[in-house]
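Okay, structure_9.tsv is below, TSV, C-alpha atoms:
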chain	number	residue	atom	x	y	z
B	1	MET	CA	7.98	56.36	43.77
B	2	PRO	CA	8.38	54.07	40.74
B	3	ALA	CA	11.26	51.62	40.67
B	4	LYS	CA	14.21	52.38	38.41
B	5	PRO	CA	14.17	50.26	35.27
B	6	CYS	CA	16.84	47.58	34.96
B	7	PRO	CA	19.03	47.62	31.86
B	8	GLY	CA	18.20	44.95	29.31
B	9	VAL	CA	14.73	44.13	30.64
B	10	PRO	CA	11.84	44.60	28.17
B	11	HIS	CA	10.24	47.49	30.05
B	12	PRO	CA	6.89	47.85	28.25
B	13	HIS	CA	6.14	44.19	28.90
B	14	VAL	CA	7.30	44.33	32.54
B	15	PHE	CA	5.33	47.48	33.33
B	16	GLY	CA	2.29	46.47	31.30
B	17	THR	CA	1.63	43.06	32.83
B	18	PRO	CA	0.99	44.11	36.45
B	19	SER	CA	-1.17	47.07	35.34
B	20	ARG	CA	-3.58	44.71	33.54
B	21	ASP	CA	-4.65	43.33	36.91
B	22	GLY	CA	-6.73	45.87	38.80
B	23	ASP	CA	-5.95	44.29	42.19
B	24	SER	CA	-2.18	44.56	41.86
B	25	THR	CA	-0.33	47.00	44.05
B	26	THR	CA	2.88	48.91	43.66
B	27	ALA	CA	4.65	46.24	45.68
B	28	LEU	CA	3.48	43.56	43.28
B	29	GLY	CA	4.79	45.58	40.35
B	30	SER	CA	8.16	46.02	42.03
B	31	LEU	CA	8.32	42.34	42.87
B	32	PHE	CA	7.50	41.42	39.30
B	33	GLN	CA	10.24	43.74	38.03
B	34	CYS	CA	12.76	42.19	40.43
B	35	LEU	CA	11.87	38.65	39.40
B	36	THR	CA	12.15	39.58	35.73
B	37	ALA	CA	15.54	41.21	36.28
B	38	LEU	CA	16.79	38.24	38.33
B	39	SER	CA	15.63	35.79	35.67
B	40	GLU	CA	17.45	37.75	33.00
B	41	LEU	CA	20.63	37.90	35.10
B	42	PHE	CA	20.45	34.14	35.71
B	43	VAL	CA	20.12	33.39	31.99
B	44	GLN	CA	23.00	35.77	31.24
B	45	TYR	CA	25.18	34.07	33.85
B	46	LEU	CA	24.30	30.59	32.54
B	47	ALA	CA	25.09	31.64	28.97
B	48	THR	CA	28.35	33.36	29.93
B	49	TYR	CA	29.51	30.44	32.08
B	50	SER	CA	28.62	27.93	29.35
B	51	TYR	CA	30.40	30.00	26.72
B	52	LYS	CA	33.58	30.36	28.79
B	53	HIS	CA	33.73	26.72	29.91
B	54	GLY	CA	32.49	25.10	26.71
B	55	ARG	CA	33.58	25.10	23.11
B	56	GLY	CA	32.00	28.49	22.52
B	57	LYS	CA	35.31	30.31	22.33
B	58	GLU	CA	36.60	27.91	19.69
B	59	LYS	CA	33.53	28.28	17.51
B	60	ASN	CA	32.80	31.86	18.57
B	61	ALA	CA	29.23	30.76	19.34
B	62	LEU	CA	27.21	29.36	22.20
B	63	THR	CA	25.71	25.96	21.39
B	64	TYR	CA	23.10	23.76	23.00
B	65	SER	CA	25.79	21.20	23.81
B	66	ASP	CA	27.67	23.88	25.80
B	67	LEU	CA	24.54	24.54	27.86
B	68	SER	CA	23.80	20.85	28.43
B	69	HIS	CA	27.42	20.16	29.38
B	70	THR	CA	27.29	23.00	31.92
B	71	ALA	CA	24.02	21.67	33.38
B	72	GLU	CA	25.51	18.20	33.73
B	73	GLU	CA	29.01	19.05	34.98
B	74	CYS	CA	28.63	22.21	37.07
B	75	GLU	CA	27.16	21.61	40.52
B	76	THR	CA	25.48	25.03	40.52
B	77	PHE	CA	23.43	24.19	37.43
B	78	GLN	CA	22.74	20.50	38.01
B	79	PHE	CA	19.06	21.21	38.68
B	80	LEU	CA	18.83	22.02	34.95
B	81	ALA	CA	20.13	18.60	33.84
B	82	ASP	CA	16.60	17.31	33.13
B	83	ILE	CA	15.68	20.47	31.27
B	84	LEU	CA	18.88	20.57	29.19
B	85	PRO	CA	19.72	16.91	28.51
B	86	LYS	CA	22.59	15.97	26.22
B	87	LYS	CA	21.54	15.36	22.66
B	88	ILE	CA	21.76	11.77	21.52
B	89	LEU	CA	20.95	10.08	18.24
B	90	ALA	CA	17.53	8.49	17.95
B	91	SER	CA	19.16	5.11	17.23
B	92	LYS	CA	21.12	5.28	20.51
B	93	TYR	CA	17.95	6.24	22.38
B	94	LEU	CA	16.05	3.30	20.93
B	95	LYS	CA	18.88	0.94	21.90
B	96	MET	CA	18.80	2.36	25.44
B	97	LEU	CA	15.05	1.77	25.64
B	98	GLU	CA	15.48	-1.81	24.41
B	99	LYS	CA	18.19	-2.46	26.97
B	100	GLU	CA	16.09	-0.98	29.79
B	101	LYS	CA	13.15	-3.10	28.70
B	102	ARG	CA	15.30	-6.26	28.68
B	103	ASP	CA	16.85	-5.36	32.04
B	104	GLY	CA	13.40	-4.64	33.46
B	105	GLU	CA	12.15	-8.08	32.35
B	106	VAL	CA	15.22	-9.72	33.87
B	107	ARG	CA	14.72	-7.82	37.12
B	108	GLU	CA	11.04	-8.83	37.27
B	109	ASP	CA	12.04	-12.48	36.80
B	110	ASP	CA	14.67	-12.13	39.55
B	111	GLU	CA	12.11	-10.59	41.90
B	112	GLU	CA	9.67	-13.45	41.26
B	113	ASP	CA	12.45	-15.98	41.97
B	114	GLU	CA	13.33	-14.18	45.21
B	115	GLU	CA	9.66	-14.21	46.29
B	116	GLU	CA	9.46	-17.97	45.61
B	117	GLU	CA	12.67	-18.53	47.62
B	118	ASP	CA	11.23	-16.49	50.51
B	119	GLU	CA	8.05	-18.58	50.42
B	120	ASP	CA	10.13	-21.81	50.42
B	121	GLU	CA	12.13	-20.62	53.44
B	122	THR	CA	8.91	-19.78	55.28
B	123	VAL	CA	7.51	-23.26	54.57
B	124	ASP	CA	10.78	-24.90	55.72
B	125	GLU	CA	10.69	-22.93	58.98
B	126	ASP	CA	7.07	-23.96	59.59
B	127	VAL	CA	7.89	-27.63	58.95
B	128	GLY	CA	10.95	-27.50	61.21
B	129	SER	CA	8.93	-26.09	64.14
Go ahead and render the structure in this file as structure tokens.
Amino acid sequence: MPAKPCPGVPHPHVFGTPSRDGDSTTALGSLFQCLTALSELFVQYLATYSYKHGRGKEKNALTYSDLSHTAEECETFQFLADILPKKILASKYLKMLEKEKRDGEVREDDEEDEEEEDEDETVDEDVGS
């Protein structure tokens, strides 16, 4: 018995993909339909949540910044923070890279100093023995 189609899912694409593979079974087709429906529901929920909790109501539109804010602030969607980063100006990004580079050089110098101090302590202990 074929599964009932879910509303809003592009049915020709969902039904056509599993049938292209001769080894697929009815269970695989049903699983594929379920995953497609769940993915669509997830995207709908993310969009609705972002619209309600962002500036979407003010502008009567869902924006990228609403989605990225939701991914950053809502614990449920934090796994999307790397996928939906906040937009920043290129000049700010370049300044961040410069700062990280300078901090990285400073840290490397600090690590070398710490290694030298550790070596000095080891030598002092050997001499004192």
Just give me the gap between CA of Leu46 (chain B) and CA of Glu72 (chain B) in Å, one decimal is fine.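 Taking CA of Leu46 (chain B) as the start and CA of Glu72 (chain B) as the end point, the length is 12.5 Å.
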For CA of Tyr49 (chain B) and CA of Ile88 (chain B), the interatomic separation in Å (one decimal):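 Computed distance, CA of Tyr49 (chain B) to CA of Ile88 (chain B), equals 22.8 Å.
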Between CA of Glu75 (chain B) and CA of Glu40 (chain B), measure the distance and give it in Å to one decimal. 20.3 Å
Taking (24.4, 22.9, 32.6) in the file's own coordinates, collect the residues within 12 Å, counting all atoms listed in the file, and hand them back as a ChimeraX atom specification. /B:43,45-51,53-54,63-86
